[in-house]
Amino acid sequence: MSLQPSPQHDSRLYPELQTLVDRNARWRNAVEKQDPEFFKRHYPGQRPEILWIGCSDARVPETTILGSQPGDVFVHRGIANLYSPKDDSLNSVMMIALQNFKVKHIVVAGHTNCVGCLTALRASMLPAVPPSQAIQRYLQPLTALARALAADNHQPPSLDLLVEENVAQQVRNLLASDVVQDDWRRRGQDGVVIHGWVYELRDGSIRDLGISQGPPGSTPGQRAFKPGF
């Protein structure tokens with residue numbers, strides 16, 4: 001039998017949430033003071049140039065670490081920044097990013113000391129058993145990657161290596177995805193370019209893995225014309 005929830009009530013009864021609401025009010029007032037047209041300008045629509053596929057980790061807020069503003073980055077975040085062709089949530093985000101906003105770049109962003117990668121790494125050191133929990137099912141591809149790296153190197157990979165190899169694998173997965181392939185057919189040389197980055201928690205820096213790939217015939221560094229919103 002399902003447990004019944006409590007009666008509905010105001011979230012601000014919780015001090016920690018009231019604190020966030022108060023911070024929002026201060027932020028809103030500060031933004032309006034600095035740029036009175038900010039919210040009016042952003043209300044009609046967004047024109048992001050990149051889609052960020054990152055980890056859910058609270059220490060890696062993409063807009064903050066990129067020094068960006070609301071509206072600059074289209075975002076999808078999940079544990080260990082994984083992509084699966086069966087993930088309709090992420091596929092939908094990619095379709096909107098590529099078809100509606102014509103984004104030029106998709107960045108797969110991993111980060112050091114990733115709990116998702118650490119969980120998969122630890123699981124890879126144990127005998128394989130059928131997954132019984134959601135997190136085990138979700139991390140299966142990453143656990144398999146950790147096992148493959150261990151077999152190649154005759155020892156378990158370091159966590160940093162698994163983070164990097166995971167980003168590289170997700171880049172490969174995206175390059176082969178129907179959504180990206182369709183974008184390349186539709187936009188040709190102006191199609192989306194896929195990149196792999198790692199965010200370094202130790203010092204706040206971003207490391208480019210040098211594995212960027214775009215559509216056939218595209219010129220690295222060329223800025224494509226982007227139609228208006």
# chains A, B, ... in the order shown; residues from 1 in each chain; ligands from 1

call {"tool": "closest_atom_pairs", "arguments": {"of": "range 99-123 of chain A", "to": "range 159-180 of chain A", "cutoff": "7 Å", "atoms": "only C-alpha atoms", "output": "tab-separated table"}}
result
residue	atom	partner	partner_atom	distance
A:Val108	CA	A:Val167	CA	6.3
A:Ala109	CA	A:Val167	CA	6.9
A:Gly110	CA	A:Val167	CA	6.0
A:His111	CA	A:Val163	CA	6.8
A:Thr112	CA	A:Asp160	CA	6.2
A:Cys117	CA	A:Val163	CA	6.4
A:Leu118	CA	A:Leu159	CA	6.4

call {"tool": "write_last_selection", "arguments": {"atoms": "N, CA and C atoms", "output": "PDB file, in the first residue's frame"}}
result
ATOM      1  N   VAL A 108      30.116  17.923 -23.330  1.00  0.00           N
ATOM      2  CA  VAL A 108      29.992  16.900 -22.295  1.00  0.00           C
ATOM      3  C   VAL A 108      31.012  17.247 -21.224  1.00  0.00           C
ATOM      4  N   ALA A 109      30.522  17.540 -20.023  1.00  0.00           N
ATOM      5  CA  ALA A 109      31.407  18.026 -18.961  1.00  0.00           C
ATOM      6  C   ALA A 109      31.414  17.069 -17.774  1.00  0.00           C
ATOM      7  N   GLY A 110      32.512  16.359 -17.614  1.00  0.00           N
ATOM      8  CA  GLY A 110      32.720  15.575 -16.407  1.00  0.00           C
ATOM      9  C   GLY A 110      33.445  16.416 -15.376  1.00  0.00           C
ATOM     10  N   HIS A 111      33.711  15.844 -14.234  1.00  0.00           N
ATOM     11  CA  HIS A 111      34.454  16.571 -13.208  1.00  0.00           C
ATOM     12  C   HIS A 111      35.215  15.596 -12.326  1.00  0.00           C
ATOM     13  N   THR A 112      36.288  16.072 -11.735  1.00  0.00           N
ATOM     14  CA  THR A 112      37.084  15.236 -10.844  1.00  0.00           C
ATOM     15  C   THR A 112      36.280  14.900  -9.582  1.00  0.00           C
ATOM     16  N   CYS A 117      31.084   8.217 -10.942  1.00  0.00           N
ATOM     17  CA  CYS A 117      32.206   7.431 -11.449  1.00  0.00           C
ATOM     18  C   CYS A 117      32.814   6.574 -10.344  1.00  0.00           C
ATOM     19  N   LEU A 118      32.907   7.123  -9.143  1.00  0.00           N
ATOM     20  CA  LEU A 118      33.451   6.349  -8.023  1.00  0.00           C
ATOM     21  C   LEU A 118      32.562   5.153  -7.707  1.00  0.00           C
TER      22      LEU A 118
END

call {"tool": "select_by_dssp", "arguments": {"residues": "range 9-81 of chain A", "states": "strand (DSSP E)", "output": "PyMOL selection string"}}
result
chain A and resi 50-55+73-78

call {"tool": "write_last_selection", "arguments": {"atoms": "N, CA and C atoms", "output": "PDB file, in the first residue's frame"}}
result
ATOM      1  N   ILE A  50      25.286  27.047 -26.670  1.00  0.00           N
ATOM      2  CA  ILE A  50      25.804  25.718 -26.352  1.00  0.00           C
ATOM      3  C   ILE A  50      24.778  24.951 -25.515  1.00  0.00           C
ATOM      4  N   LEU A  51      24.861  23.634 -25.654  1.00  0.00           N
ATOM      5  CA  LEU A  51      24.147  22.711 -24.772  1.00  0.00           C
ATOM      6  C   LEU A  51      25.178  22.062 -23.877  1.00  0.00           C
ATOM      7  N   TRP A  52      24.956  22.172 -22.574  1.00  0.00           N
ATOM      8  CA  TRP A  52      25.869  21.610 -21.568  1.00  0.00           C
ATOM      9  C   TRP A  52      25.263  20.317 -21.036  1.00  0.00           C
ATOM     10  N   ILE A  53      25.964  19.209 -21.225  1.00  0.00           N
ATOM     11  CA  ILE A  53      25.547  17.932 -20.666  1.00  0.00           C
ATOM     12  C   ILE A  53      26.508  17.629 -19.529  1.00  0.00           C
ATOM     13  N   GLY A  54      26.042  17.861 -18.308  1.00  0.00           N
ATOM     14  CA  GLY A  54      26.922  17.756 -17.158  1.00  0.00           C
ATOM     15  C   GLY A  54      26.388  16.830 -16.091  1.00  0.00           C
ATOM     16  N   CYS A  55      27.114  16.779 -14.997  1.00  0.00           N
ATOM     17  CA  CYS A  55      26.754  15.938 -13.861  1.00  0.00           C
ATOM     18  C   CYS A  55      25.822  16.698 -12.924  1.00  0.00           C
ATOM     19  N   VAL A  73      23.274  29.346 -21.534  1.00  0.00           N
ATOM     20  CA  VAL A  73      23.609  27.926 -21.666  1.00  0.00           C
ATOM     21  C   VAL A  73      22.341  27.089 -21.509  1.00  0.00           C
ATOM     22  N   PHE A  74      22.072  26.241 -22.496  1.00  0.00           N
ATOM     23  CA  PHE A  74      20.998  25.253 -22.393  1.00  0.00           C
ATOM     24  C   PHE A  74      21.580  24.046 -21.675  1.00  0.00           C
ATOM     25  N   VAL A  75      20.824  23.427 -20.774  1.00  0.00           N
ATOM     26  CA  VAL A  75      21.447  22.506 -19.816  1.00  0.00           C
ATOM     27  C   VAL A  75      20.659  21.202 -19.657  1.00  0.00           C
ATOM     28  N   HIS A  76      21.408  20.119 -19.576  1.00  0.00           N
ATOM     29  CA  HIS A  76      20.870  18.848 -19.081  1.00  0.00           C
ATOM     30  C   HIS A  76      21.915  18.262 -18.154  1.00  0.00           C
ATOM     31  N   ARG A  77      21.495  17.900 -16.934  1.00  0.00           N
ATOM     32  CA  ARG A  77      22.430  17.326 -15.970  1.00  0.00           C
ATOM     33  C   ARG A  77      21.883  16.016 -15.424  1.00  0.00           C
ATOM     34  N   GLY A  78      22.777  15.061 -15.258  1.00  0.00           N
ATOM     35  CA  GLY A  78      22.416  13.767 -14.699  1.00  0.00           C
ATOM     36  C   GLY A  78      23.642  13.157 -14.051  1.00  0.00           C
TER      37      GLY A  78
END

call {"tool": "residues_around", "arguments": {"residues": "range 33-47 of chain A", "least_positions_apart": "2", "cutoff": "8 Å", "atoms": "only C-alpha atoms", "output": "MDAnalysis selection string"}}
result
chainID A and resid 29:31 49 71:72 101 229

call {"tool": "write_last_selection", "arguments": {"atoms": "N, CA, C and O atoms", "output": "PDB file, in the first residue's frame"}}
result
ATOM      1  N   ASN A  29      16.404  41.959  -6.931  1.00  0.00           N
ATOM      2  CA  ASN A  29      16.515  43.404  -6.745  1.00  0.00           C
ATOM      3  C   ASN A  29      17.856  43.926  -7.243  1.00  0.00           C
ATOM      4  O   ASN A  29      17.932  45.011  -7.845  1.00  0.00           O
ATOM      5  N   ALA A  30      18.926  43.159  -6.978  1.00  0.00           N
ATOM      6  CA  ALA A  30      20.250  43.580  -7.427  1.00  0.00           C
ATOM      7  C   ALA A  30      20.336  43.592  -8.951  1.00  0.00           C
ATOM      8  O   ALA A  30      20.919  44.508  -9.549  1.00  0.00           O
ATOM      9  N   VAL A  31      19.755  42.571  -9.595  1.00  0.00           N
ATOM     10  CA  VAL A  31      19.773  42.506 -11.057  1.00  0.00           C
ATOM     11  C   VAL A  31      18.990  43.670 -11.651  1.00  0.00           C
ATOM     12  O   VAL A  31      19.444  44.334 -12.598  1.00  0.00           O
ATOM     13  N   GLU A  49      23.940  29.346 -27.144  1.00  0.00           N
ATOM     14  CA  GLU A  49      24.800  28.862 -28.229  1.00  0.00           C
ATOM     15  C   GLU A  49      25.376  27.484 -27.934  1.00  0.00           C
ATOM     16  O   GLU A  49      25.927  26.846 -28.831  1.00  0.00           O
ATOM     17  N   GLY A  71      20.211  32.291 -19.535  1.00  0.00           N
ATOM     18  CA  GLY A  71      19.911  32.369 -20.957  1.00  0.00           C
ATOM     19  C   GLY A  71      21.078  32.036 -21.855  1.00  0.00           C
ATOM     20  O   GLY A  71      20.901  31.836 -23.057  1.00  0.00           O
ATOM     21  N   ASP A  72      22.293  31.963 -21.296  1.00  0.00           N
ATOM     22  CA  ASP A  72      23.479  31.714 -22.121  1.00  0.00           C
ATOM     23  C   ASP A  72      23.681  30.241 -22.459  1.00  0.00           C
ATOM     24  O   ASP A  72      24.246  29.912 -23.508  1.00  0.00           O
ATOM     25  N   PHE A 101      16.968  26.144 -31.266  1.00  0.00           N
ATOM     26  CA  PHE A 101      17.958  27.175 -30.959  1.00  0.00           C
ATOM     27  C   PHE A 101      19.174  27.132 -31.869  1.00  0.00           C
ATOM     28  O   PHE A 101      20.003  28.039 -31.828  1.00  0.00           O
ATOM     29  N   PHE A 229      16.244  34.381 -33.097  1.00  0.00           N
ATOM     30  CA  PHE A 229      15.246  33.563 -32.386  1.00  0.00           C
ATOM     31  C   PHE A 229      13.873  33.762 -32.999  1.00  0.00           C
ATOM     32  O   PHE A 229      13.496  34.885 -33.289  1.00  0.00           O
TER      33      PHE A 229
END

call {"tool": "select_by_dssp", "arguments": {"residues": "chain A", "states": "helix (DSSP H, G or I)", "output": "PyMOL selection string"}}
result
chain A and resi 11-13+15-34+38-42+62-65+79-81+88-100+115-124+134-138+140-153+159-175+178-190
